[in-house]
Amino acid sequence: MIILCYTIFKEDDSMKKLLIFVCLFITFGLMPFLTVQADFGPKSAVMIDIIGVDQPYFFELLYEGTLPIESDRLDAYEYQLEVNVNQSFFPEIIKDISIDGFISSILYRARPTIPTVMGDTFRYTYVPPQTFKLILIFEDDTYITSPTITTKLFNSHVTWDLSYVDLSYTQTDVGIIEEIIPFHQMSSDLLIRILVTIGVELMILFLFKYRLKKSYFLVFGVNAVTQTALTVFMFLMHYFFMPFFGEIFALTVGEFFIFFIEAVIFMKFLKEKKSKRAFGYTLIANFASLIVGFILMVVFWS
């Protein structure tokens with residue numbers, strides 16, 4: 001891309017200097033973010049808060065499955081009993097529980113499903129099931145289970161409120177379980193990405209010596225549409241599907257198509273300078289948007 005721009009502006013010394021400056025600026029801006037660790041593959045996670053329980057309990061996440069035969073159930077339980085030797089309470093009845101086709105994940109799920117525990121908060125960080133029930137087993141072997149929930153976010157926060165549930169006898173599908181959707185954070189994330197990207201493209205327009213208001217109105221209007229559409233796709237990847245790698249795909253493919261769309265529009269309607277400069281601006285601006293989008297992606301993902 002740099003070589004192409006250099007060829008386009010080979011007879012324009014001021015534009016060659018500007019091109020070199022912009023490319024160096026972008027490169028040095030990107031360098032701090034290139035020292036990221038190799039193990040990038042994010043794993044979906046869910047954090048679960050238990051509310052309103054003031055007595056000791058055993059907590060487990062139940063996933064959709066079929067109980068194995070009795071001997072295998074006993075083997076799985078005894079193995080986990082050895083592994084969790086420091087756990088004060090690991091009830092044997094968990095091995096035989098099947099509620100509406102939901103069974104113990106720590107005993108029977110092929111993929112490891114073991115939480116990190118902090119008080120009444122349980123965090124599963126290695127691809128937990130999206131659809132599950134929760135169970136609390138008390139020291140007298142009574143238990144309660146939650147309604148079924150299917151999470152939507154890649155990194156979910158679920159609360160199970162048992163404040164008004166009688167815990168003295170066994171019950172199923174009780175309490176209020178819900179996924180917390182961070183609408184405020186999502187809105188600010190979306191807005192920041194759009195405004196920063198458009199701001200960078202307008203700054204580059206200034207560096208390309210465009211000064212007329214109509215030039216800025218045109219670039220702002222076009223980018224308000226293209227960058228908003230691109231950011232929404234990245235936003236969906238970040239929160240719902242695949243942070244980082246999914247975002248990289250959306251960003252690179254999206255900027256590729258946006259470049260061609262904007263090149264056609266700006267070469268035709270950005271009349272303040274020659275079409276050659278409009279094309280060069282489009283090329284550099286979209287390259288800068290790609291880099292800025294990557295930087296913002298790393299910042300928000302971190």
# chains A, B, ... in the order shown; residues from 1 in each chain; ligands from 1

$ residues_around --residues "stretch 172-176 of chain A" --least-positions-apart "5" --cutoff "6 Å" --atoms "only C-alpha atoms" --output "count of residues only"
7

$ residues_around --residues "stretch 195-207 of chain A" --least-positions-apart "4" --cutoff "10 Å" --atoms "only C-alpha atoms" --output "JSON, numbers by chain"
{"A": [15, 18, 19, 21, 22, 190, 191, 211, 212, 215, 216, 217, 219, 220, 221, 222, 223, 224, 226, 227, 228, 231, 278, 281, 282, 284, 285, 286, 287, 288, 289, 290, 291, 292, 293, 296]}

$ select_by_dssp --residues "stretch 228-297 of chain A" --states "alpha helix (DSSP H)" --output "MDAnalysis selection string"
chainID A and resid 228:236 245:269 275:297

$ write_last_selection --atoms "C-alpha atoms" --output "compact mmCIF listing (two decimals), in the first residue's frame"
# COMPACT_ATOMS: atom_id res chain seq x y z
CA THR A 228 -20.73 2.65 12.26
CA ALA A 229 -21.60 -0.46 10.23
CA LEU A 230 -18.08 -1.86 10.66
CA THR A 231 -17.99 -1.07 14.38
CA VAL A 232 -21.35 -2.76 14.94
CA PHE A 233 -20.01 -5.97 13.37
CA MET A 234 -16.87 -5.78 15.52
CA PHE A 235 -19.03 -5.02 18.53
CA LEU A 236 -21.13 -8.14 17.91
CA PHE A 245 -10.02 -13.24 16.38
CA GLY A 246 -13.60 -12.63 15.29
CA GLU A 247 -13.00 -8.90 15.62
CA ILE A 248 -9.83 -9.12 13.52
CA PHE A 249 -11.79 -10.88 10.78
CA ALA A 250 -14.61 -8.32 10.86
CA LEU A 251 -12.10 -5.43 10.92
CA THR A 252 -9.88 -6.57 8.06
CA VAL A 253 -12.66 -7.73 5.75
CA GLY A 254 -14.78 -4.69 6.61
CA GLU A 255 -12.00 -2.18 5.94
CA PHE A 256 -11.26 -3.91 2.64
CA PHE A 257 -14.80 -3.34 1.40
CA ILE A 258 -15.03 0.13 2.93
CA PHE A 259 -11.89 1.19 1.06
CA PHE A 260 -13.44 0.39 -2.32
CA ILE A 261 -16.74 2.05 -1.42
CA GLU A 262 -15.08 5.21 -0.13
CA ALA A 263 -12.59 5.33 -3.02
CA VAL A 264 -15.45 5.48 -5.51
CA ILE A 265 -17.33 8.12 -3.51
CA PHE A 266 -14.37 10.36 -2.67
CA MET A 267 -12.80 10.26 -6.13
CA LYS A 268 -16.14 11.40 -7.55
CA PHE A 269 -17.38 13.87 -4.94
CA SER A 275 -9.06 12.65 -7.74
CA LYS A 276 -5.51 11.26 -7.41
CA ARG A 277 -5.19 12.89 -4.00
CA ALA A 278 -8.69 11.77 -3.00
CA PHE A 279 -7.66 8.20 -3.79
CA GLY A 280 -4.44 8.57 -1.79
CA TYR A 281 -6.40 10.02 1.13
CA THR A 282 -8.83 7.09 1.04
CA LEU A 283 -6.00 4.59 1.02
CA ILE A 284 -4.10 6.16 3.92
CA ALA A 285 -7.25 6.94 5.94
CA ASN A 286 -8.50 3.36 5.71
CA PHE A 287 -5.09 1.99 6.58
CA ALA A 288 -5.06 4.25 9.63
CA SER A 289 -8.60 3.13 10.52
CA LEU A 290 -7.46 -0.47 10.33
CA ILE A 291 -4.58 0.18 12.72
CA VAL A 292 -6.67 2.30 15.10
CA GLY A 293 -9.41 -0.33 15.05
CA PHE A 294 -6.85 -2.97 15.97
CA ILE A 295 -5.48 -0.85 18.82
CA LEU A 296 -8.97 -0.15 20.20
CA MET A 297 -9.81 -3.83 19.89

$ residues_around --residues "A:Lys214" --least-positions-apart "4" --cutoff "9 Å" --atoms "only C-alpha atoms" --output "PyMOL selection string"
chain A and resi 218-219+270+272

$ atom_distance --atom1 "atom CA of A:Pro115" --atom2 "atom CA of A:Phe58"
12.2 Å

$ select_by_dssp --residues "stretch 95-264 of chain A" --states "strand (DSSP E or B)" --output "PyMOL selection string"
chain A and resi 99+102-104+116-118+121-124+131-137+143-145+149-150+155-161+171+176-179

$ write_last_selection --atoms "N, CA and C atoms" --output "short mmCIF file (atom, residue, chain, number, x, y, z; two decimals), in the first residue's frame"
data_model
loop_
_atom_site.label_atom_id
_atom_site.label_comp_id
_atom_site.auth_asym_id
_atom_site.auth_seq_id
_atom_site.Cartn_x
_atom_site.Cartn_y
_atom_site.Cartn_z
N ILE A 99 -31.84 -33.61 36.65
CA ILE A 99 -33.03 -32.76 36.70
C ILE A 99 -33.37 -32.31 35.30
N PHE A 102 -30.50 -32.61 33.04
CA PHE A 102 -29.30 -31.86 33.38
C PHE A 102 -28.55 -32.60 34.49
N ILE A 103 -27.25 -32.81 34.29
CA ILE A 103 -26.44 -33.59 35.22
C ILE A 103 -25.18 -32.82 35.60
N SER A 104 -24.44 -33.37 36.55
CA SER A 104 -23.25 -32.70 37.09
C SER A 104 -22.19 -32.50 36.01
N THR A 116 -13.60 -21.21 39.57
CA THR A 116 -12.82 -20.48 40.56
C THR A 116 -13.81 -19.87 41.54
N VAL A 117 -13.59 -20.10 42.84
CA VAL A 117 -14.58 -19.72 43.85
C VAL A 117 -14.07 -18.55 44.67
N MET A 118 -14.92 -17.53 44.80
CA MET A 118 -14.64 -16.40 45.68
C MET A 118 -15.92 -16.09 46.44
N THR A 121 -19.37 -16.26 44.69
CA THR A 121 -19.17 -16.03 43.26
C THR A 121 -18.38 -17.19 42.68
N PHE A 122 -18.87 -17.73 41.58
CA PHE A 122 -18.26 -18.88 40.92
C PHE A 122 -17.99 -18.51 39.47
N ARG A 123 -16.74 -18.63 39.06
CA ARG A 123 -16.35 -18.22 37.71
C ARG A 123 -15.82 -19.41 36.93
N TYR A 124 -16.49 -19.70 35.81
CA TYR A 124 -16.05 -20.75 34.89
C TYR A 124 -15.39 -20.07 33.69
N THR A 131 -26.24 -23.33 27.92
CA THR A 131 -27.52 -23.68 28.55
C THR A 131 -27.24 -24.56 29.76
N PHE A 132 -27.75 -24.16 30.91
CA PHE A 132 -27.46 -24.92 32.12
C PHE A 132 -28.48 -24.62 33.21
N LYS A 133 -28.43 -25.42 34.24
CA LYS A 133 -29.12 -25.17 35.50
C LYS A 133 -28.08 -25.07 36.59
N LEU A 134 -28.45 -24.53 37.74
CA LEU A 134 -27.57 -24.47 38.90
C LEU A 134 -28.22 -25.26 40.02
N ILE A 135 -27.38 -25.83 40.88
CA ILE A 135 -27.90 -26.59 42.02
C ILE A 135 -27.10 -26.24 43.27
N LEU A 136 -27.80 -26.11 44.39
CA LEU A 136 -27.18 -25.99 45.71
C LEU A 136 -27.62 -27.19 46.53
N ILE A 137 -26.65 -27.90 47.12
CA ILE A 137 -26.94 -29.04 47.98
C ILE A 137 -26.48 -28.68 49.39
N TYR A 143 -31.80 -30.09 48.51
CA TYR A 143 -31.19 -29.28 47.46
C TYR A 143 -32.24 -28.46 46.74
N ILE A 144 -31.77 -27.46 46.05
CA ILE A 144 -32.62 -26.63 45.20
C ILE A 144 -31.92 -26.45 43.86
N THR A 145 -32.70 -26.33 42.81
CA THR A 145 -32.14 -26.07 41.49
C THR A 145 -32.78 -24.83 40.90
N ILE A 149 -31.27 -21.67 32.13
CA ILE A 149 -30.89 -20.39 31.52
C ILE A 149 -29.97 -20.65 30.34
N THR A 150 -30.12 -19.87 29.29
CA THR A 150 -29.22 -19.90 28.14
C THR A 150 -28.57 -18.52 28.02
N ASN A 155 -18.74 -13.56 27.30
CA ASN A 155 -18.36 -13.53 28.72
C ASN A 155 -19.57 -13.07 29.51
N SER A 156 -20.20 -14.00 30.21
CA SER A 156 -21.49 -13.75 30.83
C SER A 156 -21.37 -13.51 32.32
N HIS A 157 -22.33 -12.77 32.84
CA HIS A 157 -22.47 -12.58 34.29
C HIS A 157 -23.90 -12.94 34.65
N VAL A 158 -24.05 -13.99 35.45
CA VAL A 158 -25.37 -14.51 35.81
C VAL A 158 -25.57 -14.37 37.31
N THR A 159 -26.75 -13.96 37.71
CA THR A 159 -27.10 -13.92 39.14
C THR A 159 -28.26 -14.88 39.39
N TRP A 160 -28.20 -15.56 40.55
CA TRP A 160 -29.28 -16.44 40.97
C TRP A 160 -29.72 -15.95 42.35
N ASP A 161 -30.88 -15.29 42.39
CA ASP A 161 -31.37 -14.66 43.61
C ASP A 161 -32.33 -15.61 44.32
N GLN A 171 -36.38 -28.40 46.35
CA GLN A 171 -37.24 -27.76 45.35
C GLN A 171 -36.47 -27.67 44.04
N ILE A 176 -34.75 -16.55 41.12
CA ILE A 176 -34.70 -15.71 39.92
C ILE A 176 -33.29 -15.78 39.35
N ILE A 177 -33.16 -16.34 38.17
CA ILE A 177 -31.85 -16.43 37.52
C ILE A 177 -31.88 -15.59 36.25
N GLU A 178 -30.87 -14.77 36.06
CA GLU A 178 -30.84 -13.90 34.89
C GLU A 178 -29.41 -13.56 34.52
N GLU A 179 -29.23 -13.27 33.24
CA GLU A 179 -27.94 -12.81 32.74
C GLU A 179 -27.93 -11.29 32.76
#

$ atom_distance --atom1 "atom CA of A:Leu153" --atom2 "atom CA of A:Phe240"
4.6 Å

$ closest_residue --among "A:Phe90, A:Phe244, A:Tyr126, A:Tyr169" --to "A:Val299" --atoms "only C-alpha atoms"
A:Phe244

$ closest_residue --among "A:Phe154, A:Tyr164, A:Tyr108, A:Phe59" --to "A:Asp120" --atoms "only C-alpha atoms"
A:Phe59

$ atom_distance --atom1 "atom CA of A:Ile93" --atom2 "atom CA of A:Glu64"
17.7 Å
